[in-house]
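Here is the file protein01.cif (mmCIF, C-alpha atoms).
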```
data_start
loop_
_atom_site.label_atom_id
_atom_site.label_comp_id
_atom_site.auth_asym_id
_atom_site.auth_seq_id
_atom_site.Cartn_x
_atom_site.Cartn_y
_atom_site.Cartn_z
CA MET W 27 21.06 12.86 19.42
CA SER W 28 20.12 11.07 22.66
CA ILE W 29 21.54 12.12 26.02
CA LEU W 30 23.49 8.85 26.21
CA THR W 31 24.96 9.37 22.74
CA ALA W 32 25.92 12.98 23.55
CA LEU W 33 27.67 11.86 26.73
CA THR W 34 29.51 9.13 24.83
CA VAL W 35 30.71 11.63 22.21
CA ALA W 36 31.80 14.08 24.91
CA ALA W 37 33.72 11.38 26.76
CA ALA W 38 35.49 10.35 23.55
CA LEU W 39 36.50 13.92 22.83
CA ALA W 40 37.73 14.49 26.38
CA SER W 41 39.99 11.47 26.31
CA GLY W 42 41.32 10.57 22.89
CA VAL W 43 43.05 7.41 21.70
CA ALA W 44 46.51 7.02 23.20
CA GLY W 45 49.46 7.29 20.86
CA ASP W 46 53.22 7.66 20.78
CA GLY W 47 53.35 11.42 21.26
CA TRP W 48 51.54 14.72 21.12
CA GLN W 49 48.64 15.44 18.82
CA ALA W 50 47.16 18.87 18.16
CA GLY W 51 44.58 20.70 16.10
CA VAL W 52 43.77 24.34 15.48
CA ALA W 53 40.75 26.37 14.42
CA ARG W 54 39.76 30.01 14.04
CA VAL W 55 36.52 31.93 13.64
CA GLU W 56 36.20 35.61 12.78
CA ILE W 57 34.34 37.66 15.39
CA THR W 58 34.42 41.15 13.83
CA PRO W 59 30.97 42.69 14.42
CA ALA W 60 28.77 42.85 11.34
CA GLU W 61 27.31 46.23 12.32
CA PRO W 62 28.61 49.41 14.00
CA MET W 63 28.54 49.08 17.79
CA TRP W 64 30.33 50.36 20.87
CA LEU W 65 34.01 49.55 21.34
CA ALA W 66 35.12 48.17 24.72
CA GLY W 67 37.66 49.46 27.18
CA TYR W 68 37.59 53.24 27.29
CA ALA W 69 35.05 55.42 29.08
CA ALA W 70 36.11 58.46 27.04
CA ARG W 71 34.71 57.28 23.70
CA ASP W 72 31.52 59.04 22.68
CA HIS W 73 30.24 57.07 19.69
CA GLU W 74 30.23 53.64 18.06
CA ALA W 75 32.88 52.11 15.83
CA GLN W 76 33.30 53.71 12.46
CA GLY W 77 35.58 53.18 9.48
CA GLY W 78 35.52 49.38 9.47
CA ALA W 79 38.45 47.28 10.71
CA LEU W 80 42.21 47.72 10.59
CA HIS W 81 42.19 43.94 10.50
CA PRO W 82 39.65 41.22 11.42
CA LEU W 83 39.06 40.16 15.01
CA TRP W 84 39.46 36.46 15.78
CA VAL W 85 38.84 33.72 18.27
CA LYS W 86 41.41 30.94 17.85
CA ALA W 87 41.67 27.52 19.46
CA LEU W 88 44.53 25.09 20.03
CA ALA W 89 43.56 21.54 21.02
CA ILE W 90 46.26 19.34 22.56
CA GLN W 91 46.40 15.62 23.34
CA ASP W 92 49.21 13.80 25.14
CA ALA W 93 50.45 10.24 24.59
CA ALA W 94 47.95 8.86 27.12
CA GLY W 95 45.02 10.50 25.35
CA THR W 96 44.50 13.33 27.84
CA ARG W 97 43.11 16.36 26.04
CA ALA W 98 43.02 20.09 26.75
CA LEU W 99 42.12 23.31 24.98
CA ILE W 100 43.53 26.84 24.83
CA ILE W 101 41.27 29.52 23.34
CA THR W 102 42.54 33.03 22.56
CA SER W 103 40.37 35.96 21.58
CA ASP W 104 40.40 39.59 20.40
CA VAL W 105 38.07 40.83 23.14
CA LEU W 106 38.46 42.85 26.33
CA GLY W 107 37.50 39.89 28.49
CA PHE W 108 34.66 37.49 29.31
CA PRO W 109 32.35 38.36 32.23
CA LYS W 110 31.46 35.39 34.42
CA PRO W 111 27.96 34.64 33.03
CA VAL W 112 29.33 34.56 29.47
CA SER W 113 32.37 32.54 30.51
CA ASP W 114 30.21 30.06 32.43
CA ASN W 115 28.04 29.60 29.34
CA ILE W 116 31.08 28.85 27.18
CA PHE W 117 32.56 26.39 29.70
CA ASP W 118 29.25 24.59 30.19
CA ARG W 119 28.71 24.19 26.47
CA LEU W 120 32.26 22.94 25.88
CA LEU W 121 31.87 20.46 28.73
CA ALA W 122 28.72 19.14 27.10
CA SER W 123 30.21 18.84 23.62
CA THR W 124 33.84 17.88 24.36
CA GLY W 125 33.77 16.47 27.89
CA LEU W 126 36.50 18.86 29.00
CA ASP W 127 36.09 20.25 32.50
CA ARG W 128 37.33 23.73 33.43
CA ALA W 129 40.75 22.51 34.53
CA ARG W 130 41.45 21.51 30.92
CA ILE W 131 40.30 24.71 29.20
CA ILE W 132 42.02 28.09 29.25
CA LEU W 133 39.92 30.94 27.84
CA ASN W 134 42.24 33.91 27.37
CA SER W 135 41.45 37.43 26.18
CA SER W 136 43.96 39.74 24.51
CA HIS W 137 42.25 42.68 26.28
CA THR W 138 42.26 44.75 23.13
CA HIS W 139 40.52 48.09 23.66
CA SER W 140 39.45 48.08 20.01
CA GLY W 141 37.04 45.15 20.20
CA PRO W 142 33.27 45.03 20.85
CA VAL W 143 31.48 45.49 24.16
CA ILE W 144 30.18 42.22 25.61
CA ASP W 145 26.93 42.06 27.56
CA GLY W 146 27.49 42.18 31.31
CA SER W 147 31.00 43.59 31.05
CA LEU W 148 31.65 47.14 32.34
CA LEU W 149 28.38 48.43 30.89
CA CYS W 150 28.35 51.33 33.38
CA ILE W 151 31.30 53.04 31.64
CA TYR W 152 29.65 53.27 28.22
CA PRO W 153 26.93 55.85 27.50
CA LEU W 154 24.83 53.28 25.67
CA ASP W 155 21.31 54.14 24.56
CA SER W 156 18.67 51.43 24.17
CA ALA W 157 19.63 50.78 20.54
CA GLY W 158 23.30 50.46 21.44
CA LEU W 159 22.54 48.10 24.30
CA GLU W 160 20.39 45.98 22.02
CA LYS W 161 23.33 45.60 19.61
CA VAL W 162 25.53 44.42 22.49
CA ARG W 163 22.89 41.90 23.55
CA ARG W 164 22.45 40.73 19.99
CA TYR W 165 26.20 40.30 19.44
CA THR W 166 27.08 38.47 22.67
CA PRO W 167 25.30 35.13 22.00
CA VAL W 168 26.77 35.13 18.49
CA LEU W 169 30.22 35.54 20.04
CA VAL W 170 29.55 32.67 22.44
CA ASP W 171 28.51 30.42 19.55
CA LYS W 172 31.72 31.26 17.70
CA VAL W 173 33.96 30.64 20.70
CA VAL W 174 32.35 27.26 21.29
CA SER W 175 32.49 26.31 17.61
CA ALA W 176 36.19 27.21 17.42
CA GLY W 177 36.93 25.07 20.47
CA GLU W 178 35.00 22.12 19.05
CA ALA W 179 36.53 22.47 15.58
CA ALA W 180 40.10 22.36 16.93
CA PHE W 181 39.57 18.69 17.86
CA LYS W 182 38.31 17.60 14.45
CA ASP W 183 41.55 17.31 12.50
CA MET W 184 44.24 16.55 15.05
CA VAL W 185 47.62 15.47 13.75
CA PRO W 186 50.86 14.18 15.32
CA VAL W 187 53.00 17.09 16.45
CA ARG W 188 56.10 18.07 18.39
CA LEU W 189 55.84 20.67 21.17
CA GLU W 190 58.75 22.95 22.04
CA SER W 191 58.96 26.00 24.28
CA ALA W 192 61.24 29.01 24.69
CA ASN W 193 61.21 32.57 26.00
CA GLY W 194 62.06 35.58 23.87
CA VAL W 195 62.18 39.19 24.97
CA THR W 196 60.87 42.59 23.92
CA ARG W 197 60.69 45.78 25.94
CA PHE W 198 57.87 48.13 24.93
CA ALA W 199 55.81 47.39 28.08
CA VAL W 200 56.18 50.09 30.74
CA ASN W 201 54.87 50.05 34.31
CA ARG W 202 52.17 52.71 34.07
CA ARG W 203 51.89 53.22 37.83
CA ASN W 204 55.54 54.18 38.20
CA ASN W 205 56.14 56.22 35.03
CA LYS W 206 54.23 59.21 33.65
CA GLU W 207 52.96 58.69 30.12
CA ALA W 208 53.15 62.42 29.32
CA GLU W 209 56.87 62.41 30.19
CA ILE W 210 57.79 59.03 28.70
CA GLU W 211 59.86 60.37 25.80
CA THR W 212 62.13 62.26 28.20
CA THR W 213 62.27 59.54 30.85
CA TYR W 214 65.54 57.62 30.84
CA ASN W 215 65.23 55.63 34.05
CA LEU W 216 62.01 53.62 33.95
CA ASN W 217 60.65 52.50 37.31
CA GLY W 218 58.55 49.64 38.60
CA PRO W 219 58.33 45.89 37.95
CA VAL W 220 57.82 44.57 34.40
CA ASP W 221 57.83 41.18 32.68
CA HIS W 222 59.46 41.54 29.27
CA ALA W 223 59.52 37.80 28.56
CA VAL W 224 57.85 36.55 25.38
CA PRO W 225 56.84 32.94 26.08
CA VAL W 226 56.62 30.86 22.89
CA LEU W 227 55.13 27.41 22.29
CA ARG W 228 55.84 25.99 18.84
CA VAL W 229 53.55 23.19 17.66
CA SER W 230 55.24 21.51 14.68
CA LYS W 231 53.93 18.85 12.33
CA GLU W 232 55.91 15.74 11.41
CA ASP W 233 57.44 17.51 8.41
CA GLY W 234 58.79 20.24 10.70
CA GLN W 235 56.36 22.93 9.58
CA PRO W 236 54.69 24.82 12.43
CA LEU W 237 50.99 24.08 12.79
CA ALA W 238 50.58 26.69 15.52
CA ILE W 239 52.60 29.24 17.44
CA LEU W 240 51.25 30.23 20.84
CA PHE W 241 52.93 33.30 22.34
CA GLY W 242 52.26 35.93 24.95
CA TYR W 243 53.25 39.24 26.49
CA ALA W 244 52.33 41.10 29.68
CA CYS W 245 51.07 44.47 28.47
CA HIS W 246 47.72 46.19 27.99
CA ASN W 247 46.53 46.15 24.37
CA THR W 248 45.93 49.90 24.55
CA THR W 249 48.17 51.38 21.87
CA LEU W 250 45.02 52.44 20.02
CA CYS W 251 42.09 54.51 21.25
CA GLU W 252 40.19 55.33 18.05
CA TYR W 253 37.02 53.90 16.49
CA GLU W 254 38.14 51.04 14.23
CA TRP W 255 38.11 47.35 15.07
CA CYS W 256 41.61 46.04 15.72
CA GLY W 257 43.49 43.51 17.82
CA ASP W 258 46.03 46.26 18.62
CA TYR W 259 49.73 45.30 18.79
CA ALA W 260 48.82 41.66 19.46
CA GLY W 261 46.69 41.51 16.32
CA PHE W 262 49.48 42.95 14.18
CA ALA W 263 51.98 40.50 15.72
CA GLN W 264 49.77 37.54 14.82
CA GLU W 265 49.37 38.82 11.26
CA ASP W 266 53.13 39.24 10.89
CA LEU W 267 53.85 35.72 12.16
CA GLU W 268 51.26 34.15 9.88
CA LYS W 269 52.90 35.90 6.92
CA THR W 270 56.34 34.69 7.99
CA TYR W 271 55.12 31.11 8.54
CA PRO W 272 52.44 30.45 5.88
CA GLY W 273 49.84 27.91 6.94
CA THR W 274 50.51 28.51 10.63
CA THR W 275 47.95 29.74 13.15
CA ALA W 276 49.44 32.32 15.51
CA LEU W 277 47.66 32.63 18.85
CA PHE W 278 48.38 35.46 21.30
CA PHE W 279 47.71 35.24 25.02
CA GLN W 280 47.71 38.22 27.37
CA GLY W 281 50.01 38.00 30.38
CA CYS W 282 49.79 39.78 33.73
CA GLY W 283 49.60 43.21 32.14
CA GLY W 284 47.19 44.90 34.53
CA ASN W 285 49.65 47.69 35.38
CA GLN W 286 51.57 47.69 32.08
CA ASN W 287 51.06 49.94 29.05
CA PRO W 288 52.74 50.10 25.63
CA LEU W 289 54.50 53.46 25.76
CA PRO W 290 54.58 55.74 23.89
CA ARG W 291 51.23 54.98 22.23
CA ARG W 292 48.04 56.42 20.64
CA THR W 293 48.83 55.85 16.94
CA VAL W 294 48.36 53.03 14.43
CA SER W 295 52.02 53.25 13.47
CA ARG W 296 52.99 52.52 17.09
CA ALA W 297 50.66 49.53 17.21
CA ARG W 298 52.21 48.16 14.02
CA GLN W 299 55.70 48.82 15.42
CA TYR W 300 55.03 46.99 18.67
CA GLY W 301 53.40 44.15 16.78
CA ALA W 302 56.50 43.84 14.60
CA GLU W 303 58.75 43.93 17.66
CA LEU W 304 56.74 41.21 19.37
CA ALA W 305 56.69 39.04 16.24
CA ALA W 306 60.46 39.50 15.88
CA ALA W 307 60.93 38.33 19.47
CA VAL W 308 58.91 35.19 18.69
CA GLU W 309 60.93 34.53 15.55
CA ALA W 310 64.19 34.97 17.46
CA ALA W 311 63.04 32.49 20.12
CA ILE W 312 62.12 29.96 17.44
CA ALA W 313 65.48 30.42 15.70
CA GLU W 314 67.34 29.41 18.88
CA PRO W 315 67.33 25.88 20.34
CA MET W 316 63.95 25.27 21.98
CA THR W 317 63.09 22.90 24.83
CA PRO W 318 61.17 19.81 23.66
CA LEU W 319 58.20 18.85 25.84
CA GLU W 320 57.48 15.26 26.76
CA PRO W 321 53.95 14.12 25.71
CA VAL W 322 52.50 14.14 29.22
CA LEU W 323 49.79 16.60 30.30
CA LYS W 324 48.39 17.17 33.77
CA THR W 325 46.08 20.01 34.76
CA ALA W 326 44.65 21.36 38.00
CA ARG W 327 42.26 24.12 39.00
CA THR W 328 41.49 25.65 42.40
CA GLU W 329 39.11 28.38 43.52
CA VAL W 330 40.29 30.56 46.38
CA GLU W 331 38.00 32.96 48.23
CA LEU W 332 39.19 36.56 47.99
CA PHE W 333 37.68 39.11 50.36
CA LEU W 334 36.65 42.72 49.90
CA GLU W 335 36.78 45.45 52.49
CA THR W 336 33.41 46.18 54.13
CA PRO W 337 31.00 47.56 51.50
CA PRO W 338 29.59 51.07 51.89
CA ASP W 339 26.07 51.42 53.22
CA ARG W 340 23.24 52.94 51.22
CA ASP W 341 24.11 56.48 52.33
CA GLY W 342 27.70 55.94 51.21
CA LEU W 343 26.52 54.83 47.79
CA VAL W 344 24.22 57.85 47.53
CA LYS W 345 27.24 60.09 48.10
CA ILE W 346 29.00 58.37 45.18
CA THR W 347 26.03 59.16 42.94
CA GLU W 348 26.64 62.84 43.71
CA THR W 349 30.28 62.82 42.53
CA ASP W 350 31.64 63.93 39.13
CA ASN W 351 32.61 60.44 37.94
CA GLU W 352 29.80 59.43 35.60
CA TYR W 353 30.44 55.71 35.44
CA ASN W 354 30.94 55.45 39.21
CA ARG W 355 27.60 57.23 39.59
CA ARG W 356 25.95 54.64 37.36
CA ALA W 357 27.66 51.76 39.19
CA ALA W 358 26.61 53.12 42.60
CA ALA W 359 23.03 53.56 41.39
CA GLU W 360 22.96 49.90 40.34
CA MET W 361 24.17 48.88 43.80
CA ILE W 362 21.53 51.05 45.48
CA ALA W 363 18.90 49.29 43.39
CA GLN W 364 20.39 45.96 44.47
CA LEU W 365 20.12 46.92 48.15
CA ASP W 366 16.60 48.23 47.68
CA ALA W 367 15.65 44.87 46.18
CA GLY W 368 16.86 43.19 49.38
CA GLN W 369 20.03 41.77 47.87
CA PRO W 370 23.28 42.20 49.82
CA LEU W 371 26.39 43.61 48.18
CA ARG W 372 29.28 41.33 47.38
CA THR W 373 31.85 40.79 50.16
CA SER W 374 34.05 38.12 48.52
CA TYR W 375 34.74 36.36 45.23
CA MET W 376 35.70 32.77 44.37
CA TYR W 377 38.78 33.30 42.24
CA PRO W 378 40.00 30.57 39.84
CA VAL W 379 43.66 29.59 39.58
CA GLU W 380 44.57 27.10 36.85
CA VAL W 381 47.93 25.37 36.40
CA TRP W 382 49.00 23.04 33.60
CA ASN W 383 52.02 20.78 33.51
CA LEU W 384 52.60 20.60 29.77
CA GLY W 385 55.38 18.07 29.43
CA GLY W 386 57.32 19.76 32.23
CA LEU W 387 56.43 23.30 31.17
CA PRO W 388 54.44 25.13 33.86
CA ILE W 389 51.51 27.18 32.56
CA VAL W 390 49.69 29.34 35.11
CA ALA W 391 46.36 30.91 34.11
CA LEU W 392 45.06 33.70 36.34
CA ALA W 393 41.77 35.57 36.08
CA GLY W 394 41.05 39.27 35.83
CA GLU W 395 43.18 42.33 35.19
CA ILE W 396 46.03 40.97 37.22
CA VAL W 397 49.17 43.05 37.77
CA VAL W 398 52.62 41.97 36.64
CA ASP W 399 53.83 41.29 40.18
CA TYR W 400 51.93 37.99 40.14
CA ALA W 401 53.85 36.79 37.09
CA ILE W 402 57.03 37.46 39.05
CA HIS W 403 55.59 35.51 42.00
CA ALA W 404 54.71 32.56 39.75
CA LYS W 405 58.17 32.50 38.15
CA ASN W 406 59.83 32.66 41.55
CA ILE W 407 57.81 29.59 42.52
CA LEU W 408 58.01 27.56 39.29
CA GLY W 409 61.02 28.94 37.44
CA PRO W 410 61.70 31.50 34.71
CA ARG W 411 60.46 29.22 31.91
CA THR W 412 56.91 29.44 33.29
CA PHE W 413 54.17 30.76 31.01
CA VAL W 414 51.93 33.07 33.05
CA MET W 415 48.60 34.06 31.54
CA GLY W 416 46.46 36.86 32.94
CA TYR W 417 42.99 37.85 31.71
CA SER W 418 42.04 34.18 31.66
CA ASN W 419 38.66 32.52 32.06
CA ILE W 420 36.84 35.40 33.85
CA LEU W 421 37.23 39.19 33.70
CA VAL W 422 36.81 39.69 37.46
CA SER W 423 38.27 43.14 38.13
CA TYR W 424 41.77 44.46 38.70
CA ILE W 425 43.82 42.08 40.84
CA PRO W 426 46.38 44.22 42.72
CA THR W 427 49.08 43.38 45.25
CA ALA W 428 48.89 44.42 48.89
CA ALA W 429 51.32 47.27 48.21
CA ILE W 430 49.22 48.58 45.32
CA ILE W 431 46.09 48.45 47.49
CA ARG W 432 47.88 50.56 50.10
CA GLU W 433 49.10 52.99 47.45
CA GLY W 434 45.62 53.33 46.00
CA GLY W 435 45.01 54.66 42.51
CA TYR W 436 43.15 53.05 39.64
CA GLU W 437 44.42 49.48 39.96
CA GLY W 438 44.50 49.66 43.76
CA GLY W 439 40.79 50.31 44.15
CA GLY W 440 39.63 53.15 41.92
CA ALA W 441 38.38 50.77 39.23
CA GLN W 442 36.46 48.45 41.54
CA LEU W 443 33.02 50.05 41.29
CA MET W 444 32.86 49.75 37.53
CA TYR W 445 33.46 46.01 37.93
CA GLY W 446 30.56 45.72 40.35
CA MET W 447 32.81 45.43 43.39
CA PRO W 448 31.53 47.71 46.17
CA ASN W 449 34.94 48.20 47.79
CA LYS W 450 38.64 47.48 47.31
CA TRP W 451 40.17 44.06 47.92
CA ARG W 452 41.51 43.15 51.32
CA GLU W 453 45.31 43.17 51.44
CA ASP W 454 45.49 39.42 52.05
CA ILE W 455 44.50 38.94 48.39
CA GLU W 456 48.18 38.61 47.50
CA PRO W 457 49.23 35.79 49.85
CA ARG W 458 45.98 33.94 49.15
CA ILE W 459 46.62 33.89 45.39
CA VAL W 460 50.32 33.10 45.75
CA GLU W 461 49.64 30.19 48.10
CA THR W 462 46.96 28.88 45.73
CA ILE W 463 49.43 28.94 42.83
CA LYS W 464 51.76 26.79 44.93
CA THR W 465 49.15 24.23 45.96
CA THR W 466 47.57 24.01 42.50
CA ALA W 467 50.99 23.55 40.91
CA LYS W 468 51.61 20.60 43.24
CA GLN W 469 48.32 19.07 42.13
CA ALA W 470 49.56 19.38 38.54
CA GLY W 471 52.76 17.54 39.44
CA LEU W 472 55.04 20.57 39.44
#
```
Conversion result in structure tokens:
Amino acid sequence: MSILTALTVAAALASGVAGDGWQAGVARVEITPAEPMWLAGYAARDHEAQGGALHPLWVKALAIQDAAGTRALIITSDVLGFPKPVSDNIFDRLLASTGLDRARIILNSSHTHSGPVIDGSLLCIYPLDSAGLEKVRRYTPVLVDKVVSAGEAAFKDMVPVRLESANGVTRFAVNRRNNKEAEIETTYNLNGPVDHAVPVLRVSKEDGQPLAILFGYACHNTTLCEYEWCGDYAGFAQEDLEKTYPGTTALFFQGCGGNQNPLPRRTVSRARQYGAELAAAVEAAIAEPMTPLEPVLKTARTEVELFLETPPDRDGLVKITETDNEYNRRAAAEMIAQLDAGQPLRTSYMYPVEVWNLGGLPIVALAGEIVVDYAIHAKNILGPRTFVMGYSNILVSYIPTAAIIREGGYEGGGAQLMYGMPNKWREDIEPRIVETIKTTAKQAGL
């Protein structure tokens, strides 16, 4: 195919033929690793996956087109998150093949801790030997191919649809900073902010049957901590919904669950329970009157510079390599090597904020392990119907509020080194992100 032909095809895919209403298409590709390899998310694991899969892992795609022919794509995935080099590769390839720029693609991760390690993502926390690292590097380009192919395939068989939205509710998410997991079964007054909303988008065909159900929840997918592949509670919820609505593709997106855990946890039965509860909340939302969405789509994306506190010098990093925390030692050693190679440590990060106006429904997509407080900010700005996605597009690091930074702890700064950030965020991170949500929403006509 010539360059001119490829550009013509991409342009056609990016802007379809105008019609009377919405059109949509869906696709899925299985991403369960074909060989045993390290599971992502926990530093405490000491060997690779074993025992197969509790259920398959998936990447799923929902392509949408409005009445004017404007197209966009939502991709969901059973992975911990996409590091920037991997994410950039996916976006560049989708731009080339579909013509969609980054403002019209949302790449969301469920943040399951029972999926595979991806190259470039938190490698310092896993005691990988050379063979294990080779498996990760062999798997990652295969994953990229599958994500891209799912996104492309979703546009191939688009059909006229009706879009409707609603919010359900379920309450197994607990603020993990403000409640002790070991005492959860005897705690009767839970503390701290949460977002128990279950946003639901139903995509129905002309005969009324749902083609796709997109839904979300703001809670870590950390019910499980064993050695079998699984999408955790979100995977079980999708399975339940696809059994209830045969022929439907259920897609889960992770919300702002950076400081939220499913509690109590640690067993498969709990993961199945929470999946059933979440699926029931979706079904209840669908059973009630839903809000129809007009076939008009507008998207916007802004990058805001977020600043880190002054990085430690080489001597400070050497002191970290002498501490008891193994993965911080490895992370500090990598930064020392970076300094010794004449490369400065990071002092800021260009953080993406994406907002869609989907027929009057605000959708806010935020990057990284962002805490629930930002979902509350977004809903205060745009209204309680707003869908707020965390863990979208790039797995940056934890994204705390100013108060959490002052309090310290894991989300406040303790996890920064493992993400390659040499120090905690500056406290003005919060107003910078909130203001960017406001300005980007205005660009999207909200």
Edge lengths and centre in Å, axis-aligned, segment 158-167 of chain W plus 3 Å each side, as AutoDock Vina command-line options:
```
--center_x 23.7 --center_y 42.8 --center_z 21.9 --size_x 12.7 --size_y 21.3 --size_z 10.9
```
- Note on the structure: For Pro315 of chain W, the closest of W:Glu190, W:Glu74, W:Glu56, W:Asp118 counting only C-alpha atoms is W:Glu190
Could you pull out every residue with an atom within 9 Å of (57.1, 31.5, 17.7), file coordinates, counting all atoms listed in the file, and send them as a JSON list (two decimals) with C-alpha atoms, keeping the file's coordinate frame?
```
[["chain", "number", "residue", "atom", "x", "y", "z"],
["W", 191, "SER", "CA", 58.96, 26.00, 24.28],
["W", 192, "ALA", "CA", 61.24, 29.01, 24.69],
["W", 194, "GLY", "CA", 62.06, 35.58, 23.87],
["W", 225, "PRO", "CA", 56.84, 32.94, 26.08],
["W", 226, "VAL", "CA", 56.62, 30.86, 22.89],
["W", 227, "LEU", "CA", 55.13, 27.41, 22.29],
["W", 228, "ARG", "CA", 55.84, 25.99, 18.84],
["W", 236, "PRO", "CA", 54.69, 24.82, 12.43],
["W", 238, "ALA", "CA", 50.58, 26.69, 15.52],
["W", 239, "ILE", "CA", 52.60, 29.24, 17.44],
["W", 240, "LEU", "CA", 51.25, 30.23, 20.84],
["W", 241, "PHE", "CA", 52.93, 33.30, 22.34],
["W", 267, "LEU", "CA", 53.85, 35.72, 12.16],
["W", 276, "ALA", "CA", 49.44, 32.32, 15.51],
["W", 305, "ALA", "CA", 56.69, 39.04, 16.24],
["W", 306, "ALA", "CA", 60.46, 39.50, 15.88],
["W", 307, "ALA", "CA", 60.93, 38.33, 19.47],
["W", 308, "VAL", "CA", 58.91, 35.19, 18.69],
["W", 309, "GLU", "CA", 60.93, 34.53, 15.55],
["W", 310, "ALA", "CA", 64.19, 34.97, 17.46],
["W", 311, "ALA", "CA", 63.04, 32.49, 20.12],
["W", 312, "ILE", "CA", 62.12, 29.96, 17.44],
["W", 313, "ALA", "CA", 65.48, 30.42, 15.70]]
```
Determine, for each residue of segment 161-216 of chain W having at least one atom at most 10 Å from an atom of segment 88-96 of chain W, the closest pair of atoms and their separation in Å to one decimal, counting only C-alpha atoms; order by chain and ascending number, as a tab-separated table.
```
residue	atom	partner	partner_atom	distance
W:Ala176	CA	W:Leu88	CA	9.0
W:Gly177	CA	W:Ala89	CA	7.5
W:Glu178	CA	W:Ala89	CA	8.8
W:Ala179	CA	W:Ala89	CA	8.9
W:Ala180	CA	W:Ala89	CA	5.4
W:Phe181	CA	W:Ala89	CA	5.8
W:Lys182	CA	W:Ala89	CA	9.3
W:Asp183	CA	W:Ala89	CA	9.7
W:Met184	CA	W:Ala89	CA	7.8
W:Val185	CA	W:Gln91	CA	9.7
W:Pro186	CA	W:Gln91	CA	9.3
W:Val187	CA	W:Ile90	CA	9.4
W:Leu189	CA	W:Ile90	CA	9.8
```
- To verify the selection step, state as a PyMOL selection string which residues the PyMOL selection byres ((chain W and resi 290) around 12) yields on this input. chain W and resi 197-202+205-213+248-250+286-289+291-297+299-300
For the interface of segment 65-140 of chain W with segment 390-407 of chain W (cut-off 10 Å, counting only C-alpha atoms), please tabulate each contacting residue of segment 65-140 of chain W alongside its nearest pair of atoms and their separation in Å to one decimal, rows sorted by chain and increasing number, as CSV.
```
residue,atom,partner,partner_atom,distance
W:Gly107,CA,W:Gly394,CA,8.2
W:Phe108,CA,W:Gly394,CA,9.3
W:Pro109,CA,W:Gly394,CA,9.5
W:Ile131,CA,W:Ala391,CA,10.0
W:Ile132,CA,W:Ala391,CA,7.1
W:Leu133,CA,W:Ala391,CA,9.0
W:Asn134,CA,W:Ala391,CA,8.4
W:Ser135,CA,W:Gly394,CA,9.8
W:His137,CA,W:Glu395,CA,9.0
```
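Close contacts of Arg432 of chain W, defined as residues with an atom at most 10 Å away when counting all atoms listed in the file, with chain neighbours fewer than 6 positions off set aside, comprise Pro426, Gly438, Gly439, Arg452 and Glu453 of chain W.
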- Message: Applying the PyMOL selection byres ((chain W and resi 259) around 6) to the file I just gave you, which residues come out? Please list them as number ranges by chain.
- Response: W: 258, 260-262, 297, 300-301
- Expansion of the PyMOL selection byres ((chain W and resi 147) around 10) into residues, as JSON, numbers by chain: {"W": [66, 67, 106, 107, 108, 109, 110, 111, 112, 143, 144, 145, 146, 148, 149, 150, 151, 421, 422, 444, 445, 446]}
- Query: What gap, in Å, lies between atom CA of Asp72 of chain W and atom CA of Glu348 of chain W?
  - Reply: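 Pair atom CA of Asp72 of chain W / atom CA of Glu348 of chain W returns 21.9 Å.
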- Task: Can you pull out every residue within 12 Å of Leu408 of chain W, counting all atoms listed in the file, but drop anything in the same chain fewer than 2 positions away, and send it as an NGL selection string?
- Result: :W and (381-383 or 386-390 or 401-406 or 410-414 or 460 or 463-468 or 470-472)
- atom CA of Asp366 of chain W to atom CA of Lys450 of chain W measures 22.1 Å
- Message: Rounded to one decimal, what separation in Å do you get between atom CA of Cys251 of chain W and atom CA of His139 of chain W?
- Response: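 One can read the atom CA of Cys251 of chain W to atom CA of His139 of chain W distance as 7.0 Å.
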- Message: Which residue is closest to Asn285 of chain W? Choose from W:Ile362, W:Leu332, W:Ile430, W:Val162 and count all atoms listed in the file.
- Response: W:Ile430
- Item | Pick from W:Cys282, W:Ala367, W:Ile420, W:Ala157 nearest to Trp64 of chain W, counting only C-alpha atoms |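 Of all the options, W:Ala157 lies closest to Trp64 of chain W.
Using only C-alpha atoms for every distance, the candidate list W:Tyr214, W:Glu265, W:Leu65, W:Ala53 yields W:Leu65 as the residue closest to Pro153 of chain W.
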- Task: Counting all atoms listed in the file, write as number ranges by chain all protein and nucleic acid residues lying at most 8 Å from (25.8, 45.2, 19.7) in the file's frame.
- Result: W: 59, 61-64, 142-144, 158-166
Using only C-alpha atoms, please write the residues we just selected to a file, as a short mmCIF file (atom, residue, chain, number, x, y, z; two decimals), in the frame of the given file.
```cif
data_model
loop_
_atom_site.label_atom_id
_atom_site.label_comp_id
_atom_site.auth_asym_id
_atom_site.auth_seq_id
_atom_site.Cartn_x
_atom_site.Cartn_y
_atom_site.Cartn_z
CA PRO W 59 30.97 42.69 14.42
CA GLU W 61 27.31 46.23 12.32
CA PRO W 62 28.61 49.41 14.00
CA MET W 63 28.54 49.08 17.79
CA TRP W 64 30.33 50.36 20.87
CA PRO W 142 33.27 45.03 20.85
CA VAL W 143 31.48 45.49 24.16
CA ILE W 144 30.18 42.22 25.61
CA GLY W 158 23.30 50.46 21.44
CA LEU W 159 22.54 48.10 24.30
CA GLU W 160 20.39 45.98 22.02
CA LYS W 161 23.33 45.60 19.61
CA VAL W 162 25.53 44.42 22.49
CA ARG W 163 22.89 41.90 23.55
CA ARG W 164 22.45 40.73 19.99
CA TYR W 165 26.20 40.30 19.44
CA THR W 166 27.08 38.47 22.67
#
```
